[in-house]
file coords_28.cif (mmCIF, C-alpha atoms)
data_entry
#
loop_
_atom_site.label_atom_id
_atom_site.label_comp_id
_atom_site.auth_asym_id
_atom_site.auth_seq_id
_atom_site.Cartn_x
_atom_site.Cartn_y
_atom_site.Cartn_z
CA MET A 252 1.40 10.13 0.55
CA ASN A 253 -1.85 10.48 2.47
CA GLY A 254 -1.96 13.51 4.76
CA MET A 255 1.68 14.25 4.24
CA HIS A 256 3.14 16.77 1.85
CA PRO A 257 5.95 15.50 -0.30
CA LEU A 258 9.32 16.69 0.88
CA MET A 259 10.64 19.19 -1.62
CA LEU A 260 14.34 19.88 -1.28
CA THR A 261 16.72 21.70 -3.55
CA HIS A 262 19.71 19.81 -4.85
CA PHE A 263 21.92 21.47 -2.29
CA GLN A 264 19.58 20.82 0.63
CA ALA A 265 19.29 17.14 -0.29
CA PHE A 266 23.06 17.01 -0.59
CA LEU A 267 23.54 18.60 2.83
CA LEU A 268 21.04 16.24 4.46
CA PHE A 269 22.69 13.23 2.88
CA ALA A 270 26.21 14.35 3.84
CA ALA A 271 25.17 15.15 7.43
CA VAL A 272 23.44 11.81 8.07
CA ILE A 273 26.20 9.72 6.52
CA SER A 274 28.98 11.68 8.24
CA VAL A 275 27.39 11.25 11.66
CA ALA A 276 26.83 7.53 11.07
CA PHE A 277 30.40 7.04 9.88
CA GLY A 278 31.74 9.01 12.83
CA PHE A 279 29.86 6.89 15.36
CA LEU A 280 30.66 3.58 13.69
CA GLY A 281 34.28 4.37 12.91
CA ARG A 282 35.44 6.05 16.09
CA ARG A 283 35.00 5.30 19.76
CA GLN A 284 36.03 8.42 21.65
CA PRO A 285 33.68 11.45 21.55
CA LYS A 286 36.46 13.83 20.55
CA ASP A 287 37.60 11.55 17.74
CA ARG A 288 34.01 11.17 16.59
CA VAL A 289 33.47 14.91 16.35
CA LYS A 290 36.68 15.36 14.41
CA TYR A 291 35.80 12.51 12.07
CA ILE A 292 32.26 13.80 11.51
CA LEU A 293 33.44 17.31 10.70
CA TRP A 294 36.20 16.09 8.45
CA SER A 295 33.92 13.66 6.63
CA PHE A 296 31.23 16.31 6.20
CA PHE A 297 33.79 18.79 4.86
CA LEU A 298 35.10 16.22 2.36
CA PHE A 299 31.55 15.42 1.22
CA LEU A 300 31.01 19.12 0.55
CA LEU A 301 34.35 19.57 -1.14
CA VAL A 302 33.97 16.57 -3.44
CA GLY A 303 30.28 17.27 -4.17
CA VAL A 304 30.79 20.91 -5.03
CA GLY A 305 33.98 20.04 -6.90
CA ILE A 306 32.23 17.47 -9.06
CA GLY A 307 29.39 19.95 -9.61
CA TRP A 308 31.79 22.56 -10.92
CA ALA A 309 33.66 19.96 -12.98
CA MET A 310 30.40 19.07 -14.75
CA TYR A 311 29.38 22.68 -15.24
CA PRO A 312 31.03 23.19 -18.67
CA PHE A 313 29.16 20.15 -20.05
CA SER A 314 25.80 21.02 -18.55
CA ARG A 315 24.61 23.14 -21.46
CA MET B 136 57.60 -35.82 -6.63
CA SER B 137 56.38 -38.77 -4.62
CA GLU B 138 53.42 -38.53 -2.31
CA GLU B 139 55.61 -38.92 0.76
CA THR B 140 57.85 -36.04 -0.28
CA SER B 141 54.94 -33.71 -1.02
CA GLN B 142 53.46 -34.43 2.38
CA ALA B 143 56.79 -33.69 4.03
CA VAL B 144 56.96 -30.27 2.32
CA GLN B 145 53.49 -29.25 3.48
CA GLU B 146 53.34 -26.90 6.40
CA PRO B 147 52.26 -28.50 9.64
CA VAL B 148 48.59 -27.85 10.42
CA VAL B 149 48.20 -26.17 13.78
CA GLN B 150 45.05 -27.48 15.38
CA GLU B 151 43.25 -25.55 18.05
CA PRO B 152 42.53 -27.35 21.27
CA PRO B 153 38.95 -28.67 21.34
CA THR B 154 38.01 -26.39 24.22
CA ALA B 155 39.07 -23.25 22.30
CA ARG B 156 37.08 -24.35 19.25
CA ALA B 157 34.02 -25.12 21.36
CA SER B 158 34.10 -21.68 22.99
CA LYS B 159 34.52 -19.96 19.61
CA GLU B 160 31.47 -21.51 17.98
CA PRO B 161 28.78 -20.03 20.28
CA ARG B 162 30.51 -16.67 20.01
CA GLU B 163 30.39 -16.88 16.22
CA ALA B 164 26.74 -17.91 16.31
CA ARG B 165 25.93 -15.05 18.67
CA ALA B 166 27.75 -12.58 16.41
CA LEU B 167 25.77 -13.83 13.43
CA GLY B 168 22.53 -13.54 15.39
CA LEU B 169 23.37 -9.96 16.36
CA ALA B 170 24.16 -9.10 12.76
CA ILE B 171 20.81 -10.48 11.62
CA ALA B 172 19.04 -8.62 14.45
CA GLY B 173 20.83 -5.43 13.40
CA TRP B 174 19.79 -5.93 9.81
CA PHE B 175 16.16 -6.63 10.71
CA LEU B 176 15.81 -3.67 13.05
CA PRO B 177 18.45 -0.99 12.45
CA GLY B 178 20.51 -0.43 15.60
CA LEU B 179 19.34 -3.57 17.40
CA GLY B 180 22.65 -5.36 16.84
CA HIS B 181 24.43 -2.57 18.69
CA ALA B 182 21.74 -2.10 21.34
CA LEU B 183 22.03 -5.76 22.35
CA GLN B 184 25.73 -5.14 22.93
CA ARG B 185 24.95 -2.07 24.99
CA MET B 186 26.42 0.29 22.41
CA TRP B 187 23.61 2.75 22.94
CA GLY B 188 25.05 5.73 21.04
CA ARG B 189 25.75 3.69 17.95
CA ALA B 190 22.37 1.98 18.16
CA LEU B 191 20.58 5.32 18.36
CA ILE B 192 22.55 6.82 15.48
CA VAL B 193 22.01 3.81 13.23
CA PHE B 194 18.30 3.67 14.03
CA GLY B 195 17.87 7.42 13.58
CA GLY B 196 20.08 7.71 10.52
CA VAL B 197 18.53 4.82 8.62
CA GLY B 198 15.04 5.91 9.71
CA LEU B 199 15.62 9.50 8.62
CA LEU B 200 16.92 8.43 5.23
CA VAL B 201 13.99 6.06 4.70
CA ILE B 202 11.37 8.62 5.73
CA SER B 203 13.02 11.34 3.64
CA GLY B 204 13.31 8.98 0.69
CA VAL B 205 9.63 8.07 0.82
CA ALA B 206 8.58 11.70 1.44
CA MET B 207 10.60 12.73 -1.62
CA ARG B 208 8.68 10.08 -3.57
CA GLY B 209 11.66 7.93 -4.27
CA ASN B 210 11.32 4.57 -5.94
CA ILE B 211 11.02 1.61 -3.60
CA PHE B 212 12.07 -1.37 -5.66
CA VAL B 213 10.14 -4.62 -5.56
CA SER B 214 11.27 -8.19 -6.12
CA ARG B 215 9.67 -8.35 -9.57
CA GLY B 216 12.37 -6.24 -11.17
CA THR B 217 12.70 -6.15 -14.94
CA ASP B 218 16.46 -5.67 -15.14
CA ALA B 219 19.67 -5.96 -13.13
CA PHE B 220 19.43 -2.40 -11.84
CA ASP B 221 15.97 -3.07 -10.41
CA THR B 222 17.31 -6.18 -8.70
CA LEU B 223 20.29 -4.29 -7.27
CA GLY B 224 17.98 -1.52 -6.12
CA TYR B 225 15.72 -4.09 -4.48
CA LEU B 226 18.66 -5.67 -2.65
CA ALA B 227 19.85 -2.25 -1.48
CA ASP B 228 16.36 -1.30 -0.30
CA LEU B 229 15.97 -4.64 1.44
CA GLY B 230 19.10 -3.77 3.42
CA THR B 231 16.92 -1.59 5.64
CA GLY B 232 15.29 -4.74 7.02
CA SER B 233 11.91 -4.10 8.58
CA PHE B 234 12.07 -0.45 7.49
CA TYR B 235 11.60 -1.64 3.92
CA PHE B 236 8.08 -2.75 4.80
CA VAL B 237 7.47 0.47 6.73
CA ALA B 238 8.50 2.39 3.61
CA ARG B 239 6.17 0.27 1.45
CA GLY B 240 3.37 0.95 3.91
CA MET B 241 4.00 4.71 3.87
CA GLU B 242 4.06 4.90 0.10
CA HIS B 243 0.59 5.65 -1.22
CA SER B 244 1.07 7.85 -4.26
CA GLY B 245 3.85 5.82 -5.80
CA ALA B 246 7.24 6.99 -6.88
CA ASP B 247 7.78 10.10 -8.95
CA VAL B 248 11.21 10.02 -10.48
CA SER B 249 10.26 12.43 -13.24
CA HIS B 250 11.67 15.14 -10.96
CA ALA B 251 15.11 15.32 -9.39
CA ASN B 252 13.51 15.15 -5.95
CA GLY B 253 12.14 11.67 -6.55
CA ASP B 254 15.47 10.58 -7.91
CA PHE B 255 17.19 11.82 -4.76
CA GLY B 256 14.62 9.94 -2.73
CA THR B 257 15.50 6.72 -4.55
CA ARG B 258 19.16 7.25 -3.65
CA PHE B 259 18.26 8.02 -0.04
CA LEU B 260 16.39 4.73 0.24
CA ALA B 261 19.22 2.73 -1.30
CA THR B 262 21.77 4.48 0.90
CA ALA B 263 19.72 3.70 3.99
CA GLY B 264 19.86 0.01 3.09
CA VAL B 265 23.58 -0.03 2.44
CA LEU B 266 24.25 1.97 5.61
CA ASN B 267 22.24 -0.53 7.63
CA LEU B 268 24.16 -3.44 6.12
CA LEU B 269 27.39 -1.69 7.07
CA ALA B 270 26.11 -1.22 10.61
CA ALA B 271 25.08 -4.89 10.81
CA LEU B 272 28.56 -5.89 9.69
CA HIS B 273 30.02 -3.60 12.33
CA ALA B 274 27.85 -5.19 15.01
CA TYR B 275 29.01 -8.61 13.82
CA GLU B 276 32.67 -7.64 14.05
CA ALA B 277 32.19 -6.05 17.46
CA ALA B 278 30.49 -9.21 18.73
CA ARG B 279 33.40 -11.31 17.49
CA GLY B 280 35.71 -9.20 19.63
CA ARG B 281 37.34 -7.21 16.89
CA LYS B 282 38.25 -3.66 17.83
CA ALA B 283 35.26 -1.54 16.92
#

call {"tool": "encode", "arguments": {"input": "coords_28.cif", "output": "structure tokens"}}
result
Amino acid sequence: MNGMHPLMLTHFQAFLLFAAVISVAFGFLGRRQPKDRVKYILWSFFLFLLVGVGIGWAMYPFSR
Amino acid sequence: MSEETSQAVQEPVVQEPPTARASKEPREARALGLAIAGWFLPGLGHALQRMWGRALIVFGGVGLLVISGVAMRGNIFVSRGTDAFDTLGYLADLGTGSFYFVARGMEHSGADVSHANGDFGTRFLATAGVLNLLAALHAYEAARGRKA
């Protein structure tokens, strides 16, 4: 990219960015009230983390 | 079974009054137009319905994913794909609407999927497209009067 450094993220940083953006979008599209949205966003983000880290650990024994 | 008997067993068809049907058609056309607008410019389908928060989040979310995807040197698929996965990737990328062309314009060095970063970028771009299609569908449903 001209004049722009490539974005270098670790696996975990990319995962966090992805989970945050998708959780916020889901929260706004799926819920109407601000309080419900916040709850949904936090819950969705937590589940992304839980499932992502869980799958990561589940694959760990086969990774070498 | 004779034809008369089979007709008698059929459930009666409830026809809507002509006025109800006539008022439904423009609403359906408007909903479709809003969905297409939302696909072409992420968030526009919601903005035209004065759902400002949702419009902003869709625009920002899809935009952030596209910019991150390109900056991470993800693969932006083109229509001349060689296999089914390329075609699926192209359709997913095309889901971002006009942002697809913005992404193509921003990409100068080409994709680099030899590193995990580029691979993540490819997923970010595809996710942006699918997210925008979901948002367009949401705008369509909201315009039709479904609870959204």

call {"tool": "residues_around", "arguments": {"input": "coords_28.cif", "residues": "Phe269 in chain A", "least_positions_apart": "5", "cutoff": "12 Å", "atoms": "only C-alpha atoms", "output": "ChimeraX atom specification"}}
result
/A:260,262-264,274-276,295-296,299-300,303 /B:196-197,199-201,203-204,255-256,258-263,266

call {"tool": "atom_distance", "arguments": {"input": "coords_28.cif", "atom1": "CA of Val193 in chain B", "atom2": "CA of Ala166 in chain B"}}
result
17.7 Å

call {"tool": "residues_around", "arguments": {"input": "coords_28.cif", "residues": "Gly173 in chain B", "least_positions_apart": "6", "cutoff": "9 Å", "atoms": "all atoms listed in the file", "output": "mmCIF file with C-alpha atoms, keeping the file's coordinate frame"}}
result
data_model
loop_
_atom_site.group_PDB
_atom_site.id
_atom_site.type_symbol
_atom_site.label_atom_id
_atom_site.label_comp_id
_atom_site.auth_asym_id
_atom_site.auth_seq_id
_atom_site.Cartn_x
_atom_site.Cartn_y
_atom_site.Cartn_z
ATOM 1 C CA LEU B 179 19.340 -3.570 17.400
ATOM 2 C CA GLY B 180 22.650 -5.360 16.840
ATOM 3 C CA HIS B 181 24.430 -2.570 18.690
ATOM 4 C CA ALA B 182 21.740 -2.100 21.340
ATOM 5 C CA ALA B 190 22.370 1.980 18.160
ATOM 6 C CA GLY B 232 15.290 -4.740 7.020
ATOM 7 C CA ASN B 267 22.240 -0.530 7.630
ATOM 8 C CA LEU B 268 24.160 -3.440 6.120
ATOM 9 C CA ALA B 270 26.110 -1.220 10.610
ATOM 10 C CA ALA B 271 25.080 -4.890 10.810
ATOM 11 C CA LEU B 272 28.560 -5.890 9.690
ATOM 12 C CA ALA B 274 27.850 -5.190 15.010
ATOM 13 C CA TYR B 275 29.010 -8.610 13.820
#

call {"tool": "interface_residues", "arguments": {"input": "coords_28.cif", "of": "chain A", "to": "chain B", "cutoff": "9 Å", "atoms": "all atoms listed in the file", "output": "MDAnalysis selection string"}}
result
chainID A and resid 252:253 255:262 265:266 268:269 272:273 275:276 279:283

call {"tool": "atom_distance", "arguments": {"input": "coords_28.cif", "atom1": "CA of Thr217 in chain B", "atom2": "CA of Leu176 in chain B"}}
result
28.3 Å

call {"tool": "closest_residue", "arguments": {"input": "coords_28.cif", "among": "B:Phe234, B:Thr222, B:Asn210, B:Gly264", "to": "Asp247 in chain B", "atoms": "only C-alpha atoms"}}
result
B:Asn210

call {"tool": "atom_distance", "arguments": {"input": "coords_28.cif", "atom1": "CA of Gly307 in chain A", "atom2": "CA of Leu267 in chain A"}}
result
13.8 Å

call {"tool": "axis_aligned_box", "arguments": {"input": "coords_28.cif", "around": "range 297-313 of chain A", "padding_each_side": "8 Å", "output": "lines of an AutoDock Vina configuration file"}}
result
center_x = 32.1
center_y = 19.3
center_z = -7.6
size_x = 21.9
size_y = 23.8
size_z = 40.9

call {"tool": "decode", "arguments": {"input": "coords_28.cif", "residues": "range 259-271 of chain A", "atoms": "N, CA and C atoms", "output": "mmCIF file, in the first residue's frame"}}
result
data_model
loop_
_atom_site.group_PDB
_atom_site.id
_atom_site.type_symbol
_atom_site.label_atom_id
_atom_site.label_comp_id
_atom_site.auth_asym_id
_atom_site.auth_seq_id
_atom_site.Cartn_x
_atom_site.Cartn_y
_atom_site.Cartn_z
ATOM 1 N N MET A 259 0.153 -4.831 11.093
ATOM 2 C CA MET A 259 0.658 -6.096 11.608
ATOM 3 C C MET A 259 0.028 -6.359 12.974
ATOM 4 N N LEU A 260 -0.779 -7.357 13.038
ATOM 5 C CA LEU A 260 -1.437 -7.714 14.296
ATOM 6 C C LEU A 260 -1.068 -9.145 14.667
ATOM 7 N N THR A 261 -1.003 -9.386 15.951
ATOM 8 C CA THR A 261 -0.815 -10.764 16.391
ATOM 9 C C THR A 261 -2.143 -11.496 16.197
ATOM 10 N N HIS A 262 -2.083 -12.801 16.336
ATOM 11 C CA HIS A 262 -3.313 -13.583 16.204
ATOM 12 C C HIS A 262 -4.372 -13.073 17.191
ATOM 13 N N PHE A 263 -3.913 -12.855 18.422
ATOM 14 C CA PHE A 263 -4.866 -12.472 19.462
ATOM 15 C C PHE A 263 -5.433 -11.069 19.222
ATOM 16 N N GLN A 264 -4.596 -10.168 18.758
ATOM 17 C CA GLN A 264 -5.081 -8.808 18.479
ATOM 18 C C GLN A 264 -6.112 -8.824 17.346
ATOM 19 N N ALA A 265 -5.813 -9.599 16.301
ATOM 20 C CA ALA A 265 -6.763 -9.690 15.181
ATOM 21 C C ALA A 265 -8.072 -10.308 15.670
ATOM 22 N N PHE A 266 -7.952 -11.280 16.518
ATOM 23 C CA PHE A 266 -9.121 -11.948 17.086
ATOM 24 C C PHE A 266 -9.963 -10.976 17.923
ATOM 25 N N LEU A 267 -9.290 -10.170 18.732
ATOM 26 C CA LEU A 267 -9.998 -9.194 19.562
ATOM 27 C C LEU A 267 -10.708 -8.144 18.706
ATOM 28 N N LEU A 268 -10.000 -7.663 17.677
ATOM 29 C CA LEU A 268 -10.589 -6.661 16.790
ATOM 30 C C LEU A 268 -11.837 -7.216 16.106
ATOM 31 N N PHE A 269 -11.682 -8.418 15.589
ATOM 32 C CA PHE A 269 -12.797 -9.078 14.908
ATOM 33 C C PHE A 269 -13.993 -9.240 15.857
ATOM 34 N N ALA A 270 -13.728 -9.781 17.041
ATOM 35 C CA ALA A 270 -14.800 -10.044 18.007
ATOM 36 C C ALA A 270 -15.485 -8.743 18.427
ATOM 37 N N ALA A 271 -14.695 -7.690 18.630
ATOM 38 C CA ALA A 271 -15.259 -6.413 19.075
ATOM 39 C C ALA A 271 -16.186 -5.827 18.003
#
